[in-house]
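Asker: Contents of query-v8.txt (compact mmCIF, C-alpha atoms and all ligand atoms):
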```txt
# COMPACT_ATOMS: atom_id res chain seq x y z
CA MET L 144 22.13 4.97 8.03
CA LYS L 145 22.58 5.80 4.34
CA ALA L 146 20.06 8.10 2.69
CA ILE L 147 19.72 9.55 -0.79
CA VAL L 148 19.52 13.31 -0.33
CA CYS L 149 18.25 15.83 -2.86
CA THR L 150 20.75 18.64 -2.26
CA LYS L 151 18.95 21.21 -4.45
CA TYR L 152 16.46 21.33 -7.33
CA GLY L 153 17.94 20.26 -10.64
CA SER L 154 19.18 17.41 -12.81
CA PRO L 155 19.63 13.86 -11.41
CA GLU L 156 23.18 14.75 -10.29
CA VAL L 157 21.76 16.80 -7.39
CA LEU L 158 21.06 13.47 -5.68
CA GLY L 159 23.81 12.24 -3.38
CA ILE L 160 24.29 9.54 -0.75
CA PHE L 161 24.88 10.80 2.80
CA ASN L 162 24.94 9.41 6.34
CA ARG L 163 21.89 10.41 8.35
CA PRO L 164 20.84 9.48 11.90
CA LYS L 165 18.60 6.42 12.13
CA PRO L 166 15.05 7.70 12.96
CA SER L 167 13.87 7.30 16.55
CA ILE L 168 10.31 6.14 17.17
CA SER L 169 7.63 7.27 19.58
CA LYS L 170 4.90 5.13 21.10
CA ASN L 171 2.65 4.72 18.04
CA ASP L 172 5.43 4.51 15.45
CA ILE L 173 7.02 1.68 13.58
CA LEU L 174 10.60 1.60 12.29
CA ILE L 175 10.90 -0.03 8.88
CA LYS L 176 14.18 -1.36 7.52
CA THR L 177 13.75 -0.44 3.87
CA HIS L 178 14.12 -3.26 1.38
CA ALA L 179 13.32 -1.20 -1.71
CA THR L 180 11.68 1.97 -2.95
CA SER L 181 10.87 3.34 -6.41
CA VAL L 182 11.58 6.21 -8.74
CA THR L 183 8.22 7.63 -9.77
CA ALA L 184 7.40 10.42 -12.18
CA GLY L 185 6.48 12.40 -9.05
CA ASP L 186 9.97 12.00 -7.52
CA THR L 187 11.65 13.31 -10.65
CA ARG L 188 9.18 16.19 -10.84
CA VAL L 189 9.96 17.27 -7.26
CA ARG L 190 13.72 16.83 -7.78
CA ALA L 191 13.61 19.09 -10.84
CA PHE L 192 10.85 21.33 -9.41
CA ARG L 193 8.87 20.68 -12.61
CA VAL L 194 5.62 22.32 -11.49
CA PRO L 195 2.87 23.97 -13.62
CA LEU L 196 3.30 27.77 -13.75
CA ALA L 197 0.12 28.41 -11.74
CA PHE L 198 1.44 26.20 -8.89
CA LYS L 199 5.02 27.55 -8.79
CA LEU L 200 4.60 29.81 -5.75
CA PHE L 201 2.40 27.35 -3.84
CA GLY L 202 4.86 24.60 -4.80
CA LYS L 203 7.79 26.53 -3.29
CA PHE L 204 5.80 27.05 -0.05
CA LEU L 205 4.95 23.38 0.09
CA LEU L 206 8.25 21.88 -1.04
CA GLY L 207 10.86 24.51 -0.13
CA PHE L 208 12.10 27.68 -1.78
CA LYS L 209 15.72 27.04 -2.76
CA LYS L 210 15.86 23.30 -2.18
CA PRO L 211 13.45 20.63 -0.95
CA LYS L 212 12.56 21.07 2.76
CA TYR L 213 12.13 17.34 3.05
CA ASN L 214 15.22 16.42 1.12
CA ILE L 215 14.99 12.64 1.36
CA LEU L 216 12.61 11.92 -1.53
CA GLY L 217 10.82 8.62 -2.19
CA MET L 218 7.07 8.11 -2.07
CA GLU L 219 6.69 4.37 -1.42
CA LEU L 220 8.63 1.44 -0.03
CA SER L 221 8.69 -2.15 1.07
CA GLY L 222 10.60 -3.45 4.06
CA THR L 223 10.66 -5.31 7.36
CA ILE L 224 9.59 -3.89 10.70
CA GLU L 225 12.64 -3.59 12.93
CA ALA L 226 11.10 -1.92 15.99
CA ILE L 227 7.69 -0.78 17.22
CA GLY L 228 6.58 1.79 19.80
CA GLU L 229 5.03 0.56 23.06
CA ASP L 230 1.42 1.36 21.98
CA VAL L 231 1.56 -0.19 18.48
CA THR L 232 -1.10 -2.87 18.02
CA LYS L 233 -1.40 -3.29 14.23
CA PHE L 234 2.10 -4.58 13.46
CA LYS L 235 4.88 -6.58 15.08
CA VAL L 236 8.64 -6.78 14.69
CA GLY L 237 9.57 -8.89 11.66
CA ASP L 238 6.41 -8.11 9.64
CA GLU L 239 7.02 -7.46 5.95
CA VAL L 240 5.11 -4.38 4.85
CA CYS L 241 4.61 -1.96 2.00
CA ALA L 242 3.74 1.68 2.49
CA THR L 243 3.08 5.05 0.87
CA MET L 244 4.88 7.93 2.54
CA ASN L 245 3.12 10.99 3.93
CA GLY L 246 2.48 13.33 0.97
CA HIS L 247 5.15 15.94 0.36
CA ARG L 248 7.25 14.72 3.31
CA PHE L 249 8.45 11.74 1.24
CA GLY L 250 11.33 9.92 3.01
CA ALA L 251 11.50 6.46 1.40
CA TYR L 252 15.01 6.97 -0.06
CA ALA L 253 16.65 5.84 3.19
CA GLN L 254 17.76 2.60 4.81
CA TYR L 255 15.28 3.15 7.67
CA CYS L 256 11.92 4.94 7.79
CA CYS L 257 9.67 5.81 10.69
CA LEU L 258 5.89 5.86 10.16
CA HIS L 259 2.85 6.07 12.45
CA GLU L 260 1.02 2.74 12.62
CA ASN L 261 -2.10 4.45 11.20
CA ASP L 262 -0.25 5.73 8.12
CA MET L 263 -0.69 4.10 4.69
CA ILE L 264 0.91 0.76 5.57
CA ILE L 265 -0.26 -2.78 4.86
CA SER L 266 1.36 -6.14 5.35
CA LYS L 267 2.96 -7.32 2.12
CA PRO L 268 0.70 -9.39 -0.17
CA GLN L 269 1.88 -12.97 0.26
CA ASN L 270 2.25 -13.80 -3.42
CA ILE L 271 4.62 -11.01 -4.46
CA SER L 272 8.28 -10.33 -3.69
CA LEU L 273 9.53 -7.42 -1.59
CA ASP L 274 10.85 -5.83 -4.81
CA GLU L 275 7.36 -5.98 -6.32
CA ALA L 276 5.75 -4.77 -3.08
CA ALA L 277 7.94 -1.66 -3.16
CA VAL L 278 6.18 -0.44 -6.32
CA LEU L 279 2.64 -1.54 -5.51
CA SER L 280 1.23 1.31 -3.50
CA LEU L 281 1.60 4.49 -5.55
CA GLY L 282 0.74 3.43 -9.09
CA GLY L 283 -1.66 0.75 -7.86
CA ARG L 284 -3.61 2.98 -5.49
CA THR L 285 -3.76 5.77 -8.06
CA ALA L 286 -5.21 3.47 -10.72
CA LEU L 287 -7.67 1.94 -8.28
CA TYR L 288 -8.78 5.31 -6.85
CA PHE L 289 -9.71 6.69 -10.27
CA LEU L 290 -11.26 3.48 -11.65
CA ASN L 291 -13.34 3.00 -8.47
CA LYS L 292 -14.82 6.48 -9.07
CA ALA L 293 -16.00 5.40 -12.55
CA ASN L 294 -18.03 2.49 -11.14
CA ILE L 295 -17.14 0.29 -14.15
CA GLN L 296 -19.75 -2.28 -15.21
CA LYS L 297 -19.01 -5.55 -16.97
CA GLY L 298 -18.62 -5.08 -20.73
CA GLN L 299 -18.08 -1.31 -20.60
CA LYS L 300 -15.45 0.11 -22.92
CA VAL L 301 -12.50 1.65 -21.12
CA LEU L 302 -9.56 3.43 -22.76
CA ILE L 303 -6.33 3.73 -20.76
CA TYR L 304 -3.97 6.42 -22.10
CA GLY L 305 -0.32 5.99 -21.04
CA ALA L 306 -1.03 2.29 -20.53
CA SER L 307 2.63 1.25 -20.29
CA GLY L 308 3.56 3.48 -17.32
CA SER L 309 3.21 2.70 -13.64
CA VAL L 310 -0.37 3.94 -13.20
CA GLY L 311 -1.20 2.70 -16.71
CA THR L 312 -0.10 -0.93 -16.22
CA TYR L 313 -2.12 -1.16 -13.00
CA ALA L 314 -5.09 0.57 -14.66
CA VAL L 315 -5.16 -1.93 -17.56
CA GLN L 316 -5.18 -4.86 -15.12
CA ILE L 317 -7.76 -3.35 -12.75
CA ALA L 318 -10.14 -2.30 -15.56
CA LYS L 319 -9.88 -5.83 -16.95
CA TYR L 320 -10.61 -7.27 -13.50
CA PHE L 321 -13.73 -5.06 -13.30
CA GLY L 322 -14.92 -6.75 -16.51
CA ALA L 323 -14.26 -3.93 -18.96
CA GLU L 324 -13.24 -4.21 -22.60
CA VAL L 325 -9.88 -2.44 -22.39
CA THR L 326 -8.19 -0.36 -25.09
CA ALA L 327 -4.63 0.58 -24.19
CA VAL L 328 -2.85 3.55 -25.76
CA CYS L 329 0.96 3.44 -25.79
CA SER L 330 3.84 3.48 -28.27
CA LEU L 331 4.32 0.61 -30.70
CA ARG L 332 7.13 -1.05 -28.72
CA ASN L 333 4.87 -1.39 -25.66
CA ILE L 334 1.92 -3.03 -27.39
CA PRO L 335 3.08 -6.59 -26.53
CA LEU L 336 3.41 -5.53 -22.85
CA VAL L 337 -0.08 -4.02 -22.54
CA LYS L 338 -1.64 -7.00 -24.33
CA SER L 339 0.21 -9.40 -22.01
CA ILE L 340 -1.46 -7.76 -18.99
CA GLY L 341 -4.96 -7.95 -20.42
CA ALA L 342 -5.62 -5.16 -22.94
CA ASP L 343 -8.12 -6.31 -25.57
CA TYR L 344 -7.00 -3.66 -28.07
CA ALA L 345 -3.92 -1.48 -28.27
CA ILE L 346 -3.40 1.78 -30.15
CA ASP L 347 0.02 3.18 -31.04
CA TYR L 348 -0.40 6.90 -30.35
CA ILE L 349 2.34 7.84 -32.82
CA SER L 350 0.51 6.39 -35.84
CA THR L 351 -3.12 6.63 -34.65
CA ASP L 352 -5.00 9.37 -32.83
CA PHE L 353 -7.82 7.66 -30.94
CA THR L 354 -9.79 10.93 -30.88
CA GLN L 355 -10.03 10.77 -34.70
CA GLN L 356 -11.51 7.25 -34.68
CA LYS L 357 -15.22 6.40 -34.63
CA LYS L 358 -15.11 4.23 -31.52
CA THR L 359 -16.54 5.66 -28.29
CA TYR L 360 -15.87 4.70 -24.68
CA ASP L 361 -17.59 4.66 -21.31
CA VAL L 362 -14.39 5.65 -19.53
CA ILE L 363 -11.25 7.43 -20.74
CA PHE L 364 -8.44 7.42 -18.16
CA ASP L 365 -5.47 9.64 -18.99
CA THR L 366 -2.73 8.39 -16.64
CA VAL L 367 0.05 10.62 -18.03
CA GLY L 368 -1.61 13.95 -18.83
CA PHE L 369 -1.00 13.91 -22.57
CA THR L 370 -4.53 13.62 -24.00
CA ASN L 371 -6.29 16.56 -25.61
CA PHE L 372 -9.21 17.12 -23.22
CA CYS L 373 -11.69 18.69 -25.67
CA LYS L 374 -11.09 16.05 -28.36
CA SER L 375 -11.05 13.17 -25.85
CA VAL L 376 -14.41 13.92 -24.22
CA LYS L 377 -16.03 13.78 -27.68
CA ARG L 378 -15.13 10.06 -27.72
CA LEU L 379 -17.11 9.44 -24.51
CA ASN L 380 -20.59 7.91 -24.44
CA LYS L 381 -23.41 9.75 -22.67
CA GLY L 382 -22.78 9.64 -18.91
CA GLY L 383 -19.17 8.59 -19.49
CA TYR L 384 -16.18 9.33 -17.28
CA TYR L 385 -13.02 11.28 -18.10
CA LEU L 386 -10.37 10.48 -15.48
CA GLN L 387 -7.21 12.58 -15.31
CA ALA L 388 -4.31 11.60 -13.01
CA VAL L 389 -2.19 14.66 -13.75
CA ALA L 390 -3.41 17.92 -12.22
CA GLU L 391 -3.09 20.81 -14.69
CA PRO L 392 -5.06 23.89 -13.52
CA LEU L 393 -6.49 24.75 -16.95
CA ILE L 394 -7.60 21.17 -17.61
CA ASN L 395 -9.11 20.96 -14.13
CA PHE L 396 -11.11 24.10 -14.88
CA LYS L 397 -12.36 22.66 -18.19
CA MET L 398 -13.23 19.42 -16.37
CA ILE L 399 -15.38 21.29 -13.82
CA ILE L 400 -17.22 23.14 -16.60
CA LYS L 401 -17.80 19.92 -18.57
CA SER L 402 -19.06 18.04 -15.49
CA THR L 403 -21.42 20.90 -14.59
CA PHE L 404 -22.97 21.43 -18.00
CA SER L 405 -23.08 17.95 -19.56
CA SER L 406 -23.71 14.32 -18.67
CA ILE L 407 -19.95 13.62 -18.76
CA LYS L 408 -18.29 13.20 -15.36
CA CYS L 409 -14.71 14.43 -15.10
CA ILE L 410 -12.53 13.36 -12.19
CA GLY L 411 -9.06 14.70 -11.42
CA GLY L 412 -7.17 15.82 -8.34
CA THR L 413 -5.05 13.96 -5.87
CA VAL L 414 -5.59 10.42 -4.68
CA THR L 415 -6.99 10.41 -1.15
CA ARG L 416 -5.33 8.44 1.62
CA ASP L 417 -7.93 5.71 2.04
CA ILE L 418 -6.52 2.63 3.76
CA SER L 419 -9.54 0.53 2.69
CA GLU L 420 -8.52 1.08 -0.95
CA PHE L 421 -5.01 -0.10 -0.05
CA TYR L 422 -6.54 -3.30 1.40
CA GLN L 423 -8.62 -3.66 -1.79
CA LEU L 424 -5.38 -3.40 -3.79
CA LYS L 425 -3.80 -6.08 -1.61
CA LYS L 426 -6.80 -8.36 -2.18
CA LEU L 427 -6.59 -7.88 -5.97
CA THR L 428 -2.88 -8.70 -5.80
CA GLU L 429 -3.44 -11.84 -3.74
CA GLU L 430 -6.18 -12.94 -6.16
CA ASN L 431 -3.58 -12.58 -8.96
CA ALA L 432 -5.81 -10.01 -10.65
CA ILE L 433 -2.91 -7.58 -10.71
CA LYS L 434 0.85 -7.88 -10.70
CA PRO L 435 3.39 -5.05 -10.39
CA ILE L 436 5.36 -4.65 -13.62
CA ILE L 437 9.04 -3.97 -13.03
CA ASP L 438 11.11 -2.37 -15.77
CA THR L 439 14.56 -2.06 -14.15
CA THR L 440 16.00 -2.60 -10.68
CA PHE L 441 18.83 -0.32 -9.55
CA ASN L 442 20.94 -0.43 -6.40
CA PHE L 443 20.55 2.73 -4.26
CA ASP L 444 24.03 3.95 -5.25
CA GLN L 445 22.80 4.05 -8.90
CA ILE L 446 20.11 6.61 -8.07
CA VAL L 447 21.40 9.18 -10.56
CA ALA L 448 21.12 6.70 -13.44
CA ALA L 449 17.66 5.64 -12.24
CA HIS L 450 16.37 9.24 -12.19
CA ARG L 451 17.92 9.89 -15.59
CA TYR L 452 16.01 6.89 -16.94
CA VAL L 453 12.67 7.97 -15.46
CA ASP L 454 13.28 11.52 -16.78
CA SER L 455 13.32 9.97 -20.27
CA LEU L 456 9.53 9.26 -19.90
CA ARG L 457 10.15 5.83 -21.42
CA LYS L 458 9.86 3.71 -18.28
CA ARG L 459 7.61 0.67 -18.57
CA GLY L 460 5.74 -0.04 -15.37
CA ASN L 461 8.02 0.65 -12.43
CA VAL L 462 11.64 1.33 -11.51
CA VAL L 463 12.84 -0.27 -8.25
CA ILE L 464 15.65 1.08 -6.03
CA LYS L 465 17.08 -1.59 -3.74
CA PHE L 466 18.55 -0.92 -0.32
CA ASN L 467 18.97 -4.52 0.89
N1 LIG L 501 -3.33 12.28 -9.11
C1 LIG L 501 -2.52 11.68 -8.25
O1 LIG L 501 -2.75 11.67 -7.02
C2 LIG L 501 -1.31 10.96 -8.79
C3 LIG L 501 -0.74 9.91 -8.07
C4 LIG L 501 0.35 9.25 -8.61
C5 LIG L 501 0.86 9.66 -9.85
N2 LIG L 501 0.29 10.72 -10.48
C6 LIG L 501 0.82 11.20 -11.77
O2 LIG L 501 0.49 10.27 -12.76
C7 LIG L 501 1.40 10.44 -13.84
C8 LIG L 501 1.80 9.10 -14.37
O3 LIG L 501 2.68 8.49 -13.48
P1 LIG L 501 3.39 7.16 -13.89
O4 LIG L 501 4.34 6.85 -12.78
O5 LIG L 501 2.37 6.15 -14.30
O6 LIG L 501 4.20 7.63 -15.18
P2 LIG L 501 5.38 6.88 -15.86
O7 LIG L 501 5.38 5.44 -15.48
O8 LIG L 501 6.63 7.65 -15.63
O9 LIG L 501 4.98 7.04 -17.39
C9 LIG L 501 5.85 6.53 -18.33
C10 LIG L 501 5.04 6.05 -19.51
O10 LIG L 501 4.48 7.20 -20.15
C11 LIG L 501 4.29 6.84 -21.52
N3 LIG L 501 4.29 8.03 -22.36
C12 LIG L 501 5.28 8.93 -22.52
N4 LIG L 501 4.89 9.87 -23.40
C13 LIG L 501 3.62 9.54 -23.81
C14 LIG L 501 2.68 10.13 -24.69
N5 LIG L 501 2.95 11.26 -25.37
N6 LIG L 501 1.48 9.51 -24.85
C15 LIG L 501 1.19 8.38 -24.18
N7 LIG L 501 2.04 7.77 -23.32
C16 LIG L 501 3.25 8.36 -23.14
C17 LIG L 501 5.50 5.97 -21.85
O11 LIG L 501 5.05 5.00 -22.77
P3 LIG L 501 5.64 4.96 -24.26
O12 LIG L 501 7.13 4.75 -24.11
O13 LIG L 501 4.91 3.82 -24.86
O14 LIG L 501 5.33 6.30 -24.86
C18 LIG L 501 5.89 5.33 -20.52
O15 LIG L 501 5.60 3.95 -20.46
C19 LIG L 501 2.57 11.27 -13.30
O16 LIG L 501 2.48 12.57 -13.85
C20 LIG L 501 2.33 11.28 -11.82
O17 LIG L 501 2.84 12.42 -11.20
C21 LIG L 501 -0.78 11.37 -10.00
```
Could I get this file's structure written as structure tokens?

Answerer:
Amino acid sequence: MKAIVCTKYGSPEVLGIFNRPKPSISKNDILIKTHATSVTAGDTRVRAFRVPLAFKLFGKFLLGFKKPKYNILGMELSGTIEAIGEDVTKFKVGDEVCATMNGHRFGAYAQYCCLHENDMIISKPQNISLDEAAVLSLGGRTALYFLNKANIQKGQKVLIYGASGSVGTYAVQIAKYFGAEVTAVCSLRNIPLVKSIGADYAIDYISTDFTQQKKTYDVIFDTVGFTNFCKSVKRLNKGGYYLQAVAEPLINFKMIIKSTFSSIKCIGGTVTRDISEFYQLKKLTEENAIKPIIDTTFNFDQIVAAHRYVDSLRKRGNVVIKFN
């Protein structure tokens, strides 16, 4: 099979296409013929080993010292089940599925992937295409995980920062579904996009700093890690939530202090692997409450161009990499 291999840490050119053996399955595994995967901000960060200073050593242990240990990147996929192990009960051959890969082992940048039936896999929502399903699980589950923690009530004011990215576009739609009044923060060119997916208000962060405005919020969700923590929490109502999808050690420390000594609740860290949340995401998709936003679709042999684009930090929604 063909696989995109990250030969060392570095610029997008370190990615190359190589032949690799098709994975073999054991009794509880399923073999997925990959239809499509994505390029996420996380993939580009691992490829370039762009890790906060405090995590550099731990990051090398986890990911590999000179080059990635698990050198087939890719965190999510959609595809069709080609074979199942003898003890598999949850899926059958021919099922269309979408899945998140197992943490730092990645592996979705390949024509075939082997997963355990109890991994983060669901059957594809009926009302979306396989291309859309490929980019549902990572951004969608991240947005849902954080917004579920904030227990949003109808009419609450929610600000989504980085609203035009993958996590951001799902977050706008999910917060709206929960009944919130949604303010989306993005650049001017993305205001029509965020309004089209449900934002009630949009702020261009180049011309307007929301932390300098009078308006306050019940929830501020920074999906891209670019808010100023101390200024942002001042815009929260009593008992409000500050959600942070990007783990920076210093910010995490400030978040713990703030949560301990004030009524503000700060939530960061890594999304947990909760299959029930994946089913909730599927239900929201099938109810047409959310729809994956696709920016550009690349063929797998255009992977270098796709990574270069995501490196630009200008992607809107999601970038799809097609295998079939
Ligand atoms: N905690 C977890 O478990 C978890 C899980 C998944 C992802 N993540 C992290 O979440 C982050 C977001 O991922 P993503 O895939 O949603 O990112 P993304 O799609 O790559 O983000 C791109 C978006 O960021 C916006 N942006 C760039 N600079 C900005 C700025 N200064 N202010 C506001 N927006 C800006 C851009 O909008 P404009 O062009 O309009 O500026 C663009 O639409 C990543 O760091 C990822 O690693 C965390």

Asker: Could you tell me how far atom CA of Thr359 of chain L lies from atom CA of Asn380 of chain L, in Å and to one decimal?

Answerer: 6.0 Å

Asker: Quick one: residues within 9 Å of (-4.7, 3.5, 0.9) (file frame), counting all atoms listed in the file, please, as a list in words.

Answerer: Ala242, Thr243, Asp262, Met263, Ile264, Ile265, Ser280, Arg284, Tyr288, Val414, Thr415, Arg416, Asp417, Ile418, Ser419, Glu420, Phe421, Tyr422, Gln423 and Leu424 of chain L

Asker: Neighbouring residues of ligand LIG 501 (chain L) are defined here as those with any atom at most 9 Å from a ligand atom, counting only C-alpha atoms and all ligand atoms; list them as a compact mmCIF listing (two decimals) with C-alpha atoms, keeping the file's coordinate frame.

Answerer:
```
# COMPACT_ATOMS: atom_id res chain seq x y z
CA VAL L 182 11.58 6.21 -8.74
CA THR L 183 8.22 7.63 -9.77
CA ALA L 184 7.40 10.42 -12.18
CA GLY L 185 6.48 12.40 -9.05
CA ASP L 186 9.97 12.00 -7.52
CA THR L 187 11.65 13.31 -10.65
CA ARG L 188 9.18 16.19 -10.84
CA LEU L 281 1.60 4.49 -5.55
CA GLY L 282 0.74 3.43 -9.09
CA GLY L 283 -1.66 0.75 -7.86
CA ARG L 284 -3.61 2.98 -5.49
CA THR L 285 -3.76 5.77 -8.06
CA ALA L 286 -5.21 3.47 -10.72
CA TYR L 288 -8.78 5.31 -6.85
CA PHE L 289 -9.71 6.69 -10.27
CA TYR L 304 -3.97 6.42 -22.10
CA GLY L 305 -0.32 5.99 -21.04
CA ALA L 306 -1.03 2.29 -20.53
CA SER L 307 2.63 1.25 -20.29
CA GLY L 308 3.56 3.48 -17.32
CA SER L 309 3.21 2.70 -13.64
CA VAL L 310 -0.37 3.94 -13.20
CA GLY L 311 -1.20 2.70 -16.71
CA THR L 312 -0.10 -0.93 -16.22
CA TYR L 313 -2.12 -1.16 -13.00
CA VAL L 328 -2.85 3.55 -25.76
CA CYS L 329 0.96 3.44 -25.79
CA SER L 330 3.84 3.48 -28.27
CA LEU L 331 4.32 0.61 -30.70
CA ARG L 332 7.13 -1.05 -28.72
CA ASN L 333 4.87 -1.39 -25.66
CA ILE L 334 1.92 -3.03 -27.39
CA ASP L 347 0.02 3.18 -31.04
CA TYR L 348 -0.40 6.90 -30.35
CA ILE L 349 2.34 7.84 -32.82
CA ASP L 365 -5.47 9.64 -18.99
CA THR L 366 -2.73 8.39 -16.64
CA VAL L 367 0.05 10.62 -18.03
CA GLY L 368 -1.61 13.95 -18.83
CA PHE L 369 -1.00 13.91 -22.57
CA THR L 370 -4.53 13.62 -24.00
CA GLN L 387 -7.21 12.58 -15.31
CA ALA L 388 -4.31 11.60 -13.01
CA VAL L 389 -2.19 14.66 -13.75
CA ALA L 390 -3.41 17.92 -12.22
CA GLY L 411 -9.06 14.70 -11.42
CA GLY L 412 -7.17 15.82 -8.34
CA THR L 413 -5.05 13.96 -5.87
CA VAL L 414 -5.59 10.42 -4.68
CA THR L 415 -6.99 10.41 -1.15
CA VAL L 453 12.67 7.97 -15.46
CA ASP L 454 13.28 11.52 -16.78
CA SER L 455 13.32 9.97 -20.27
CA LEU L 456 9.53 9.26 -19.90
CA ARG L 457 10.15 5.83 -21.42
CA LYS L 458 9.86 3.71 -18.28
CA ARG L 459 7.61 0.67 -18.57
CA GLY L 460 5.74 -0.04 -15.37
CA ASN L 461 8.02 0.65 -12.43
CA VAL L 462 11.64 1.33 -11.51
```

Asker: Can you measure atom CA of Cys149 of chain L to atom CA of Cys241 of chain L for me? One decimal in Å is fine.

Answerer: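 Computing the Euclidean distance for atom CA of Cys149 of chain L and atom CA of Cys241 of chain L yields 22.9 Å.
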
Asker: Would you work out the distance separating atom CA of Arg193 of chain L from atom CA of Asn245 of chain L, expressed in Å to one decimal?

Answerer: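 Atom-to-atom, atom CA of Arg193 of chain L and atom CA of Asn245 of chain L are spaced 20.0 Å apart.
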
Asker: Nearest to Tyr360 of chain L: which of L:Cys373, L:Ile295, L:Val189, L:Ile400 is it, counting all atoms listed in the file?

Answerer: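 The answer is L:Ile295, which sits nearest to Tyr360 of chain L.
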
Asker: So which one's closest to Ala448 of chain L, L:Glu156, L:Glu429, L:Asp343, L:Glu391? Using only C-alpha atoms, please.

Answerer: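 Ranked by minimum distance to Ala448 of chain L, first place goes to L:Glu156.
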
Asker: For Lys338 of chain L, which residue out of L:Val231, L:Phe443, L:Ser375, L:Gln316 is the nearest one, using all atoms listed in the file?

Answerer: L:Gln316
